[in-house]
$ cat model29.txt   # compact mmCIF, C-alpha atoms and all ligand atoms
# COMPACT_ATOMS: atom_id res chain seq x y z
CA MET E 1 4.69 -44.94 13.31
CA PRO E 2 4.03 -41.36 14.45
CA LEU E 3 3.72 -38.73 11.71
CA PRO E 4 7.16 -37.19 10.95
CA LYS E 5 7.11 -33.58 12.04
CA ALA E 6 9.21 -30.57 12.98
CA GLU E 7 8.82 -28.72 16.25
CA LEU E 8 9.25 -24.95 15.92
CA HIS E 9 8.01 -23.61 19.26
CA LEU E 10 9.70 -25.29 22.18
CA HIS E 11 11.37 -23.67 25.18
CA ILE E 12 14.09 -26.03 26.34
CA GLU E 13 13.65 -24.82 29.94
CA GLY E 14 9.98 -25.79 29.59
CA THR E 15 10.96 -29.43 29.10
CA LEU E 16 12.27 -29.72 32.67
CA GLU E 17 10.22 -32.63 34.03
CA PRO E 18 9.73 -32.81 37.82
CA GLU E 19 11.88 -35.97 38.05
CA LEU E 20 14.81 -34.29 36.32
CA ALA E 21 14.29 -31.12 38.38
CA PHE E 22 14.69 -33.14 41.59
CA ALA E 23 17.67 -35.09 40.21
CA LEU E 24 19.45 -31.87 39.23
CA ALA E 25 18.54 -30.24 42.56
CA ALA E 26 20.23 -33.15 44.36
CA ARG E 27 23.27 -33.02 42.05
CA ASN E 28 23.72 -29.27 42.61
CA ALA E 29 22.62 -29.11 46.27
CA VAL E 30 19.76 -26.76 45.41
CA GLU E 31 16.77 -26.81 47.70
CA LEU E 32 13.38 -26.86 45.97
CA PRO E 33 10.32 -25.43 47.72
CA PHE E 34 8.38 -28.65 47.02
CA GLU E 35 8.44 -31.86 49.00
CA ASN E 36 8.46 -34.21 46.03
CA THR E 37 7.57 -34.54 42.35
CA GLU E 38 3.83 -34.96 43.05
CA ALA E 39 3.76 -31.76 45.10
CA LEU E 40 5.55 -29.97 42.26
CA ARG E 41 3.11 -31.35 39.67
CA ARG E 42 0.21 -30.13 41.81
CA ALA E 43 1.60 -26.60 41.39
CA TYR E 44 1.02 -26.82 37.62
CA ASP E 45 -2.35 -25.17 37.90
CA PHE E 46 -1.93 -21.82 36.21
CA GLU E 47 -4.12 -18.71 36.19
CA ASP E 48 -2.39 -17.06 33.26
CA LEU E 49 0.98 -16.66 31.55
CA GLN E 50 2.56 -14.81 34.50
CA SER E 51 1.65 -17.45 37.07
CA PHE E 52 3.33 -20.05 34.85
CA LEU E 53 6.39 -17.88 34.25
CA ASP E 54 6.89 -17.43 38.01
CA LEU E 55 7.27 -21.18 38.49
CA TYR E 56 9.18 -21.68 35.22
CA TYR E 57 11.86 -19.14 36.22
CA SER E 58 12.11 -20.35 39.81
CA LEU E 59 12.68 -23.99 38.81
CA MET E 60 15.58 -22.93 36.58
CA ALA E 61 17.59 -22.67 39.81
CA VAL E 62 18.49 -26.36 39.37
CA LEU E 63 20.20 -25.73 36.00
CA ARG E 64 23.80 -24.80 36.82
CA THR E 65 26.38 -26.69 34.77
CA GLU E 66 27.04 -27.63 31.16
CA ASP E 67 26.08 -31.21 32.06
CA ASP E 68 22.69 -29.99 33.34
CA PHE E 69 21.89 -28.25 30.04
CA ALA E 70 23.14 -31.22 28.03
CA ASP E 71 21.02 -33.64 30.09
CA LEU E 72 17.96 -31.39 29.78
CA ALA E 73 18.26 -31.17 25.99
CA ASP E 74 19.00 -34.87 25.58
CA ALA E 75 15.93 -35.79 27.65
CA TYR E 76 13.77 -33.59 25.39
CA LEU E 77 15.25 -35.04 22.20
CA THR E 78 14.65 -38.60 23.45
CA ARG E 79 10.97 -37.86 24.07
CA ALA E 80 10.58 -35.88 20.86
CA ALA E 81 12.09 -38.69 18.75
CA ALA E 82 9.56 -41.15 20.18
CA GLN E 83 6.77 -38.80 19.00
CA GLY E 84 7.97 -38.46 15.42
CA VAL E 85 9.98 -35.24 15.65
CA ARG E 86 12.65 -35.15 12.90
CA HIS E 87 13.68 -31.52 13.30
CA ALA E 88 13.52 -29.19 16.32
CA GLU E 89 14.10 -25.43 16.52
CA ILE E 90 14.74 -24.89 20.19
CA PHE E 91 14.30 -21.67 22.19
CA PHE E 92 16.45 -20.83 25.18
CA ASP E 93 16.34 -17.87 27.57
CA PRO E 94 19.93 -16.70 28.22
CA GLN E 95 18.99 -13.77 30.47
CA ALA E 96 17.20 -16.12 32.89
CA HIS E 97 20.52 -17.93 33.40
CA ILE E 98 23.01 -15.06 33.21
CA SER E 99 21.04 -13.24 35.93
CA ARG E 100 21.61 -16.26 38.23
CA GLY E 101 25.35 -16.28 37.59
CA VAL E 102 25.32 -19.04 34.94
CA SER E 103 27.34 -17.90 31.94
CA LEU E 104 26.07 -17.91 28.38
CA GLY E 105 28.97 -20.22 27.50
CA THR E 106 27.79 -22.80 30.05
CA VAL E 107 24.28 -22.73 28.60
CA VAL E 108 25.22 -22.80 24.92
CA ASP E 109 28.04 -25.32 25.25
CA GLY E 110 25.85 -27.64 27.32
CA LEU E 111 22.91 -27.44 24.90
CA ALA E 112 25.26 -27.78 21.91
CA ARG E 113 26.71 -30.99 23.28
CA ALA E 114 23.26 -32.64 23.16
CA LEU E 115 22.29 -30.97 19.88
CA ASP E 116 25.52 -31.95 18.13
CA ALA E 117 24.85 -35.63 18.96
CA SER E 118 21.15 -35.41 18.11
CA GLU E 119 21.14 -36.46 14.44
CA GLN E 120 23.18 -39.56 15.21
CA ARG E 121 21.52 -40.43 18.50
CA HIS E 122 17.91 -39.43 17.85
CA GLY E 123 17.55 -38.78 14.11
CA ILE E 124 16.60 -35.17 14.85
CA SER E 125 18.25 -32.17 13.21
CA THR E 126 18.24 -29.04 15.33
CA ARG E 127 18.58 -25.27 15.40
CA LEU E 128 18.93 -22.95 18.40
CA ILE E 129 16.88 -19.77 18.82
CA MET E 130 18.05 -17.28 21.45
CA CYS E 131 15.13 -15.45 23.05
CA PHE E 132 15.15 -12.05 24.68
CA LEU E 133 12.96 -11.62 27.75
CA ARG E 134 10.52 -8.88 26.78
CA ASP E 135 9.84 -7.89 30.41
CA GLU E 136 13.53 -6.99 30.73
CA SER E 137 14.91 -3.79 29.17
CA ALA E 138 15.95 -3.29 25.55
CA GLU E 139 19.46 -2.51 26.87
CA SER E 140 19.62 -5.90 28.57
CA ALA E 141 18.59 -7.57 25.31
CA MET E 142 21.36 -5.69 23.47
CA GLU E 143 23.93 -6.76 26.11
CA THR E 144 22.77 -10.35 25.66
CA LEU E 145 23.22 -10.13 21.90
CA GLU E 146 26.71 -8.72 22.46
CA ALA E 147 27.53 -11.58 24.88
CA ALA E 148 26.34 -14.08 22.27
CA LYS E 149 28.87 -12.97 19.64
CA PRO E 150 31.35 -15.79 20.40
CA TYR E 151 28.51 -18.35 19.97
CA LEU E 152 26.81 -17.10 16.84
CA HIS E 153 27.89 -20.15 14.85
CA ARG E 154 25.58 -22.14 17.17
CA ILE E 155 22.59 -19.77 16.97
CA THR E 156 20.23 -19.53 13.99
CA ALA E 157 17.71 -16.93 15.10
CA VAL E 158 16.55 -14.56 17.80
CA GLY E 159 13.15 -14.72 19.46
CA LEU E 160 11.14 -12.74 22.01
CA ASP E 161 9.30 -14.32 24.93
CA SER E 162 8.14 -13.91 28.56
CA ALA E 163 5.40 -11.56 29.81
CA GLU E 164 3.75 -10.09 26.73
CA ALA E 165 1.16 -7.56 27.94
CA GLY E 166 2.69 -4.08 28.11
CA ASN E 167 5.91 -5.21 26.36
CA PRO E 168 5.28 -4.58 22.66
CA PRO E 169 7.64 -5.81 19.95
CA SER E 170 8.59 -2.22 19.08
CA LYS E 171 10.54 -2.03 22.37
CA PHE E 172 13.10 -4.33 20.70
CA ARG E 173 13.43 -2.69 17.28
CA GLU E 174 17.12 -1.89 17.66
CA VAL E 175 18.23 -5.24 18.98
CA TYR E 176 16.37 -7.01 16.15
CA GLU E 177 18.11 -4.73 13.63
CA ALA E 178 21.46 -5.57 15.23
CA ALA E 179 20.65 -9.29 15.21
CA ALA E 180 19.74 -9.19 11.51
CA ALA E 181 22.99 -7.36 10.78
CA LEU E 182 24.80 -10.30 12.41
CA GLY E 183 23.05 -12.71 10.05
CA LEU E 184 20.51 -14.02 12.55
CA ARG E 185 16.97 -14.86 11.49
CA LYS E 186 14.01 -13.46 13.42
CA VAL E 187 10.90 -14.78 15.16
CA ALA E 188 8.88 -13.39 18.09
CA HIS E 189 6.04 -14.38 20.40
CA ALA E 190 3.10 -12.11 19.64
CA GLY E 191 -0.65 -12.36 20.07
CA GLU E 192 -0.56 -14.95 22.88
CA GLU E 193 -1.90 -12.69 25.63
CA GLY E 194 -1.08 -9.47 23.78
CA PRO E 195 -3.31 -7.82 21.16
CA ALA E 196 -3.38 -8.24 17.39
CA SER E 197 -1.45 -4.96 17.06
CA TYR E 198 1.58 -6.75 18.58
CA VAL E 199 1.44 -9.27 15.73
CA ARG E 200 1.51 -6.38 13.27
CA GLU E 201 4.46 -4.82 15.09
CA ALA E 202 6.35 -8.11 15.08
CA LEU E 203 5.97 -8.16 11.29
CA ASP E 204 6.40 -4.48 10.47
CA VAL E 205 8.81 -3.26 13.14
CA LEU E 206 10.88 -6.37 13.88
CA GLY E 207 10.56 -8.04 10.46
CA VAL E 208 9.96 -11.54 11.82
CA GLU E 209 9.66 -14.51 9.47
CA ARG E 210 7.33 -16.47 11.77
CA VAL E 211 4.99 -15.47 14.57
CA ASP E 212 5.03 -17.58 17.74
CA HIS E 213 1.41 -18.11 18.84
CA GLY E 214 -0.22 -15.28 16.86
CA LEU E 215 -3.59 -16.51 18.09
CA ARG E 216 -5.06 -13.09 18.70
CA CYS E 217 -4.58 -12.09 15.05
CA LEU E 218 -8.16 -13.36 14.83
CA GLU E 219 -9.32 -10.07 16.34
CA ASP E 220 -8.23 -8.24 13.17
CA ALA E 221 -9.71 -9.55 9.89
CA GLU E 222 -7.34 -7.50 7.74
CA LEU E 223 -4.34 -8.92 9.59
CA VAL E 224 -5.65 -12.46 9.11
CA ALA E 225 -5.98 -11.83 5.37
CA ARG E 226 -2.44 -10.49 5.24
CA LEU E 227 -0.94 -13.39 7.22
CA ALA E 228 -2.70 -15.81 4.87
CA ARG E 229 -1.68 -13.92 1.72
CA GLU E 230 1.96 -13.63 2.78
CA ARG E 231 2.05 -17.23 4.07
CA ILE E 232 3.50 -16.12 7.44
CA PRO E 233 3.77 -19.25 9.60
CA LEU E 234 2.13 -19.23 13.03
CA THR E 235 3.58 -21.60 15.64
CA LEU E 236 0.44 -22.44 17.61
CA CYS E 237 0.54 -24.23 20.97
CA PRO E 238 -2.98 -25.46 21.74
CA LEU E 239 -2.25 -27.28 25.04
CA SER E 240 -0.40 -24.22 26.31
CA ASN E 241 -3.34 -21.98 25.39
CA VAL E 242 -5.68 -24.10 27.50
CA ARG E 243 -3.31 -24.42 30.48
CA LEU E 244 -2.60 -20.66 30.49
CA ARG E 245 -6.29 -19.90 30.07
CA VAL E 246 -5.90 -18.06 26.78
CA ILE E 247 -8.83 -20.21 25.67
CA ASP E 248 -11.30 -22.15 27.82
CA THR E 249 -11.12 -25.67 26.40
CA LEU E 250 -9.31 -27.46 23.59
CA GLU E 251 -12.66 -27.91 21.84
CA ASP E 252 -12.82 -24.10 21.62
CA HIS E 253 -9.40 -23.82 19.98
CA PRO E 254 -9.63 -21.95 16.65
CA LEU E 255 -6.92 -24.07 14.93
CA ASP E 256 -9.33 -25.55 12.39
CA ARG E 257 -10.95 -22.17 11.69
CA MET E 258 -7.51 -20.64 11.24
CA MET E 259 -6.61 -23.32 8.72
CA ASP E 260 -9.93 -22.74 6.95
CA ALA E 261 -8.99 -19.05 6.72
CA GLY E 262 -5.83 -20.01 4.83
CA LEU E 263 -3.39 -19.34 7.66
CA MET E 264 -0.19 -21.35 7.65
CA CYS E 265 -0.55 -23.06 11.01
CA THR E 266 1.85 -25.35 12.84
CA VAL E 267 1.21 -27.21 16.10
CA ASN E 268 3.82 -27.24 18.85
CA SER E 269 4.22 -28.02 22.55
CA ASP E 270 5.69 -24.74 23.99
CA ASP E 271 6.61 -25.98 27.51
CA PRO E 272 5.64 -29.66 27.43
CA ALA E 273 6.74 -30.56 30.97
CA TYR E 274 4.25 -28.00 32.31
CA PHE E 275 1.36 -28.18 29.84
CA GLY E 276 0.55 -31.87 29.73
CA GLY E 277 2.12 -33.14 26.54
CA TYR E 278 4.86 -33.24 23.93
CA VAL E 279 4.16 -32.46 20.30
CA GLY E 280 2.88 -35.92 19.36
CA ASP E 281 0.51 -35.75 22.34
CA THR E 282 -0.57 -32.33 21.10
CA PHE E 283 -1.34 -33.63 17.59
CA HIS E 284 -3.36 -36.42 19.17
CA ALA E 285 -5.26 -34.06 21.48
CA VAL E 286 -6.24 -31.60 18.73
CA ARG E 287 -7.23 -34.43 16.43
CA GLU E 288 -9.66 -35.70 19.05
CA ALA E 289 -10.92 -32.33 20.30
CA LEU E 290 -11.44 -30.76 16.87
CA SER E 291 -12.18 -33.94 14.89
CA LEU E 292 -9.35 -33.19 12.46
CA ASP E 293 -9.07 -35.61 9.55
CA GLU E 294 -5.85 -37.22 8.32
CA GLU E 295 -5.43 -34.64 5.55
CA ARG E 296 -5.47 -31.79 8.10
CA LEU E 297 -2.89 -33.58 10.26
CA ARG E 298 -0.67 -34.16 7.25
CA GLU E 299 -1.00 -30.48 6.33
CA LEU E 300 0.11 -29.49 9.85
CA ALA E 301 3.10 -31.82 9.63
CA ARG E 302 4.00 -30.56 6.14
CA ASN E 303 3.70 -26.93 7.30
CA SER E 304 6.09 -27.63 10.17
CA PHE E 305 8.87 -28.48 7.70
CA LEU E 306 7.98 -25.71 5.24
CA ALA E 307 8.01 -23.13 8.04
CA SER E 308 11.32 -24.36 9.46
CA PHE E 309 14.74 -22.84 8.94
CA LEU E 310 15.93 -25.98 7.16
CA GLU E 311 17.29 -25.45 3.66
CA ASP E 312 15.21 -27.08 0.91
CA ASP E 313 17.42 -30.14 0.52
CA GLU E 314 17.68 -30.66 4.30
CA GLU E 315 13.92 -30.27 4.56
CA ARG E 316 13.27 -33.02 2.04
CA ARG E 317 15.66 -35.34 3.87
CA ALA E 318 14.05 -34.65 7.24
CA ARG E 319 10.59 -35.45 5.90
N1 LIG H 401 8.42 -18.61 27.97
C1 LIG H 401 8.19 -19.92 28.07
N2 LIG H 401 6.96 -20.21 27.63
C2 LIG H 401 6.39 -19.05 27.23
C3 LIG H 401 5.15 -18.69 26.66
N3 LIG H 401 4.18 -19.58 26.42
N4 LIG H 401 4.92 -17.39 26.39
C4 LIG H 401 5.85 -16.48 26.64
N5 LIG H 401 7.04 -16.77 27.16
C5 LIG H 401 7.32 -18.04 27.45
ZN ZN H 402 6.43 -20.02 23.83

$ encode --input "model29.txt" --output "C-alpha cells"
Amino acid sequence: MPLPKAELHLHIEGTLEPELAFALAARNAVELPFENTEALRRAYDFEDLQSFLDLYYSLMAVLRTEDDFADLADAYLTRAAAQGVRHAEIFFDPQAHISRGVSLGTVVDGLARALDASEQRHGISTRLIMCFLRDESAESAMETLEAAKPYLHRITAVGLDSAEAGNPPSKFREVYEAAAALGLRKVAHAGEEGPASYVREALDVLGVERVDHGLRCLEDAELVARLARERIPLTLCPLSNVRLRVIDTLEDHPLDRMMDAGLMCTVNSDDPAYFGGYVGDTFHAVREALSLDEERLRELARNSFLASFLEDDEERRAR
C-alpha cells in the first residue's frame, strides 16, 4: 500500500504523456513535429527551465476540446491514485490555451468534468489553481482573472509560473490583490531558477500562503529562519530540479537539509510526464538517493495534507 499523500505542485499540462499526445493529435488532426512517441521522449533532455517550457507549450497544441482536458485530467488522476494520492491541488495555465483560441470555459469545464468524478472514481479530492504566466504582462494576467469570473466556484487559488528569471513576483502585485478580493487563495512559484529575493517578494508583496519550489531560499539564512518560524510550506519537486538542471544530481538535493532546518517541506512531481515520475515515484527516488527513513517519509506525507487547502475535517478524512 503506497503512503497516502496529497499532491500540491502539479501542472495538469505537464501530465501529457507522449501516448496521449499522439492520440489527441490524431483526434484533432494536429501534426506533431515528432515521428513517434520514442522520438518525442528523446526530446525530453532539457538544458534549463526555458528549454522545457518551449516543448511544454508547443505540445499543448493537441489540447483543443473539453473532452481533451477531461481525458488529460482523468489520466493523471488514475496514475496518481495508484501511487497513493488522496488529494490533488492542480495547476492549469489558462493563458497558454486562450492564446491558441481555446476558451477558458473549454479548459475549466473539461477539467471540472474529470475532477467532479474524481472522489467517486479515484478516491481523490481535488482543487484547481489557476496560474498566471509570469513572462506575460501584468495586464494579461488581470484580463485572465476577469475572464475567470464565471468559473470562480471551480477555482480555489491563483498561482504564478513559467519563466522566472527577470519576472519577479512584484510584477503581479495588483492582480494578486484583485484575486484575494475575489476570495481566491494565493501561491506562487519562486526560488526555482530565480533568487531568494523572489521568495521574499512572493511572501511580502503577493502574500502567498505557500511557495512553489522555494529551493533558492537556502541562499538567505534569515529567510530560511523566517520560513521555518512561520511554517510556510514549500512544494519541492526534486525530479524536476534534476531534469531542469537546478541541481546536478538527486543525491545533491537539499531536501533532507531543509527538513533539518525546520522547513515545512512537501514533495511533488511538477510535470511528471516530462520529468521521469509521478509523486509516488518521486517519494521512492528521494528515499533511495537521500537515504530517508520511514519517519521522514511520513513527515513529508503528513506535511502534504497540513499544507493543503483542505479544511481540517476534510483533511482528516483524506488521510
Ligand atoms: N510550468 C510548468 N512547469 C513549470 C516549472 N517547473 N516552473 C515554472 N513554470 C512551470
Ligand atoms: Zn511547477

$ residues_near_ligand --input "model29.txt" --ligand "ligand LIG 401 (chain H)" --cutoff "6 Å" --atoms "only C-alpha atoms and all ligand atoms" --output "PyMOL selection string"
chain E and resi 11+161-163+270-271

$ closest_residue --input "model29.txt" --among "E:Arg42, E:His213, E:Arg86, E:Arg245" --to "Arg317 in chain E" --atoms "only C-alpha atoms"
E:Arg86

$ residues_near_ligand --input "model29.txt" --ligand "ligand ZN 402 (chain H)" --cutoff "10 Å" --atoms "only C-alpha atoms and all ligand atoms" --output "NGL selection string"
:E and (8-11 or 14 or 91 or 131 or 159-162 or 188-190 or 192 or 212-213 or 235-237 or 240 or 268-271)

$ atom_distance --input "model29.txt" --atom1 "CA of Ala261 in chain E" --atom2 "CA of Ala228 in chain E"
7.3 Å

$ closest_residue --input "model29.txt" --among "E:Met142, E:Ala179, E:Ala39, E:Val85" --to "Met1 in chain E" --atoms "all atoms listed in the file"
E:Val85

$ closest_residue --input "model29.txt" --among "E:Ala6, E:Val102, E:Val108, E:Ala202" --to "Gly84 in chain E" --atoms "all atoms listed in the file"
E:Ala6

$ closest_residue --input "model29.txt" --among "E:Gly191, E:Pro238, E:Gly207, E:Pro94" --to "Leu145 in chain E" --atoms "all atoms listed in the file"
E:Pro94

$ closest_residue --input "model29.txt" --among "E:Val286, E:Ala117, E:Ala96, E:Ala21" --to "Ser140 in chain E" --atoms "all atoms listed in the file"
E:Ala96

$ atom_distance --input "model29.txt" --atom1 "CA of Val224 in chain E" --atom2 "CA of Asp252 in chain E"
18.5 Å

$ closest_residue --input "model29.txt" --among "E:Glu139, E:Asp71, E:Glu164, E:Glu146" --to "Leu115 in chain E" --atoms "all atoms listed in the file"
E:Asp71

$ residues_near_point --input "model29.txt" --point "(-7.7, -27.3, 14.8)" --cutoff "10 Å" --atoms "all atoms listed in the file" --output "PyMOL selection string"
chain E and resi 236+238+250-260+265-267+283+285-293+296-297+300

$ residues_around --input "model29.txt" --residues "Ala25 in chain E" --least-positions-apart "3" --cutoff "12 Å" --atoms "only C-alpha atoms" --output "list in words"
Leu16, Pro18, Glu19, Leu20, Ala21, Phe22, Asn28, Ala29, Val30, Glu31, Leu32, Pro33, Phe34, Asn36, Thr37, Leu59, Met60, Ala61, Val62, Leu63, Arg64, Thr65 and Asp68 of chain E

$ axis_aligned_box --input "model29.txt" --around "range 209-222 of chain E" --padding-each-side "5 Å" --output "AutoDock Vina command-line options"
--center_x 0.0 --center_y -12.8 --center_z 13.3 --size_x 29.4 --size_y 20.6 --size_z 21.1

$ residues_around --input "model29.txt" --residues "Arg243 in chain E" --least-positions-apart "2" --cutoff "12 Å" --atoms "only C-alpha atoms" --output "list of chain:residue names"
E:Tyr44, E:Asp45, E:Phe46, E:Glu47, E:Asp48, E:Leu49, E:Gln50, E:Ser51, E:Phe52, E:Cys237, E:Pro238, E:Leu239, E:Ser240, E:Asn241, E:Arg245, E:Val246, E:Ile247, E:Asp248, E:Thr249, E:Leu250, E:Ser269, E:Asp270, E:Asp271, E:Pro272, E:Ala273, E:Tyr274, E:Phe275, E:Gly276, E:Gly277

$ write_last_selection --input "model29.txt" --atoms "C-alpha atoms" --output "CSV table (one decimal), keeping the file's coordinate frame"
chain,number,residue,atom,x,y,z
E,44,TYR,CA,1.0,-26.8,37.6
E,45,ASP,CA,-2.4,-25.2,37.9
E,46,PHE,CA,-1.9,-21.8,36.2
E,47,GLU,CA,-4.1,-18.7,36.2
E,48,ASP,CA,-2.4,-17.1,33.3
E,49,LEU,CA,1.0,-16.7,31.6
E,50,GLN,CA,2.6,-14.8,34.5
E,51,SER,CA,1.6,-17.4,37.1
E,52,PHE,CA,3.3,-20.0,34.8
E,237,CYS,CA,0.5,-24.2,21.0
E,238,PRO,CA,-3.0,-25.5,21.7
E,239,LEU,CA,-2.2,-27.3,25.0
E,240,SER,CA,-0.4,-24.2,26.3
E,241,ASN,CA,-3.3,-22.0,25.4
E,245,ARG,CA,-6.3,-19.9,30.1
E,246,VAL,CA,-5.9,-18.1,26.8
E,247,ILE,CA,-8.8,-20.2,25.7
E,248,ASP,CA,-11.3,-22.2,27.8
E,249,THR,CA,-11.1,-25.7,26.4
E,250,LEU,CA,-9.3,-27.5,23.6
E,269,SER,CA,4.2,-28.0,22.6
E,270,ASP,CA,5.7,-24.7,24.0
E,271,ASP,CA,6.6,-26.0,27.5
E,272,PRO,CA,5.6,-29.7,27.4
E,273,ALA,CA,6.7,-30.6,31.0
E,274,TYR,CA,4.2,-28.0,32.3
E,275,PHE,CA,1.4,-28.2,29.8
E,276,GLY,CA,0.6,-31.9,29.7
E,277,GLY,CA,2.1,-33.1,26.5

$ atom_distance --input "model29.txt" --atom1 "CA of Leu218 in chain E" --atom2 "CA of Leu203 in chain E"
15.5 Å

$ residues_near_point --input "model29.txt" --point "(8.8, -4.0, 13.0)" --cutoff "12 Å" --atoms "all atoms listed in the file" --output "list of chain:residue names"
E:Pro168, E:Pro169, E:Ser170, E:Lys171, E:Phe172, E:Arg173, E:Glu174, E:Val175, E:Tyr176, E:Glu177, E:Lys186, E:Val187, E:Ala188, E:Ala190, E:Ser197, E:Tyr198, E:Val199, E:Arg200, E:Glu201, E:Ala202, E:Leu203, E:Asp204, E:Val205, E:Leu206, E:Gly207, E:Val208, E:Glu209

$ residues_around --input "model29.txt" --residues "Ala157 in chain E" --least-positions-apart "4" --cutoff "6 Å" --atoms "only C-alpha atoms" --output "MDAnalysis selection string"
chainID E and resid 129 184:186

$ decode --input "model29.txt" --residues "range 291-314 of chain E" --atoms "N, CA and C atoms" --output "JSON list (two decimals), in the first residue's frame"
[["chain", "number", "residue", "atom", "x", "y", "z"],
["E", 291, "SER", "N", 18.67, 8.47, 1.36],
["E", 291, "SER", "CA", 18.57, 7.54, 2.48],
["E", 291, "SER", "C", 17.61, 8.05, 3.56],
["E", 292, "LEU", "N", 16.43, 8.48, 3.14],
["E", 292, "LEU", "CA", 15.44, 8.97, 4.10],
["E", 292, "LEU", "C", 14.83, 7.79, 4.84],
["E", 293, "ASP", "N", 14.62, 7.94, 6.14],
["E", 293, "ASP", "CA", 13.99, 6.86, 6.89],
["E", 293, "ASP", "C", 12.46, 7.01, 6.85],
["E", 294, "GLU", "N", 11.79, 6.00, 7.39],
["E", 294, "GLU", "CA", 10.31, 5.97, 7.31],
["E", 294, "GLU", "C", 9.69, 7.19, 7.99],
["E", 295, "GLU", "N", 10.30, 7.63, 9.09],
["E", 295, "GLU", "CA", 9.74, 8.78, 9.82],
["E", 295, "GLU", "C", 9.76, 10.04, 8.95],
["E", 296, "ARG", "N", 10.87, 10.23, 8.20],
["E", 296, "ARG", "CA", 10.97, 11.38, 7.30],
["E", 296, "ARG", "C", 9.90, 11.31, 6.20],
["E", 297, "LEU", "N", 9.69, 10.11, 5.67],
["E", 297, "LEU", "CA", 8.69, 9.95, 4.60],
["E", 297, "LEU", "C", 7.30, 10.24, 5.14],
["E", 298, "ARG", "N", 7.05, 9.76, 6.35],
["E", 298, "ARG", "CA", 5.73, 10.02, 6.96],
["E", 298, "ARG", "C", 5.54, 11.52, 7.22],
["E", 299, "GLU", "N", 6.64, 12.17, 7.61],
["E", 299, "GLU", "CA", 6.55, 13.62, 7.84],
["E", 299, "GLU", "C", 6.22, 14.35, 6.53],
["E", 300, "LEU", "N", 6.84, 13.92, 5.43],
["E", 300, "LEU", "CA", 6.55, 14.54, 4.13],
["E", 300, "LEU", "C", 5.08, 14.33, 3.75],
["E", 301, "ALA", "N", 4.59, 13.13, 3.98],
["E", 301, "ALA", "CA", 3.20, 12.83, 3.64],
["E", 301, "ALA", "C", 2.25, 13.64, 4.54],
["E", 302, "ARG", "N", 2.59, 13.71, 5.83],
["E", 302, "ARG", "CA", 1.74, 14.49, 6.76],
["E", 302, "ARG", "C", 1.75, 15.98, 6.36],
["E", 303, "ASN", "N", 2.93, 16.50, 6.04],
["E", 303, "ASN", "CA", 3.03, 17.90, 5.62],
["E", 303, "ASN", "C", 2.15, 18.18, 4.40],
["E", 304, "SER", "N", 2.07, 17.20, 3.50],
["E", 304, "SER", "CA", 1.32, 17.45, 2.26],
["E", 304, "SER", "C", -0.15, 17.71, 2.56],
["E", 305, "PHE", "N", -0.69, 17.04, 3.58],
["E", 305, "PHE", "CA", -2.09, 17.31, 3.96],
["E", 305, "PHE", "C", -2.20, 18.62, 4.76],
["E", 306, "LEU", "N", -1.24, 18.83, 5.67],
["E", 306, "LEU", "CA", -1.30, 20.04, 6.50],
["E", 306, "LEU", "C", -1.17, 21.30, 5.65],
["E", 307, "ALA", "N", -0.38, 21.21, 4.57],
["E", 307, "ALA", "CA", -0.13, 22.37, 3.72],
["E", 307, "ALA", "C", -1.21, 22.55, 2.65],
["E", 308, "SER", "N", -2.15, 21.62, 2.59],
["E", 308, "SER", "CA", -3.17, 21.68, 1.54],
["E", 308, "SER", "C", -4.24, 22.71, 1.88],
["E", 309, "PHE", "N", -5.12, 22.94, 0.92],
["E", 309, "PHE", "CA", -6.24, 23.84, 1.15],
["E", 309, "PHE", "C", -7.49, 23.09, 1.63],
["E", 310, "LEU", "N", -7.31, 21.84, 2.04],
["E", 310, "LEU", "CA", -8.43, 21.11, 2.64],
["E", 310, "LEU", "C", -8.79, 21.74, 3.98],
["E", 311, "GLU", "N", -10.06, 21.72, 4.31],
["E", 311, "GLU", "CA", -10.47, 22.14, 5.66],
["E", 311, "GLU", "C", -10.05, 21.02, 6.62],
["E", 312, "ASP", "N", -9.99, 21.33, 7.92],
["E", 312, "ASP", "CA", -9.49, 20.35, 8.89],
["E", 312, "ASP", "C", -10.21, 19.01, 8.84],
["E", 313, "ASP", "N", -11.54, 19.06, 8.75],
["E", 313, "ASP", "CA", -12.29, 17.79, 8.78],
["E", 313, "ASP", "C", -12.07, 17.00, 7.49],
["E", 314, "GLU", "N", -11.98, 17.72, 6.35],
["E", 314, "GLU", "CA", -11.72, 17.05, 5.08],
["E", 314, "GLU", "C", -10.32, 16.43, 5.10]]
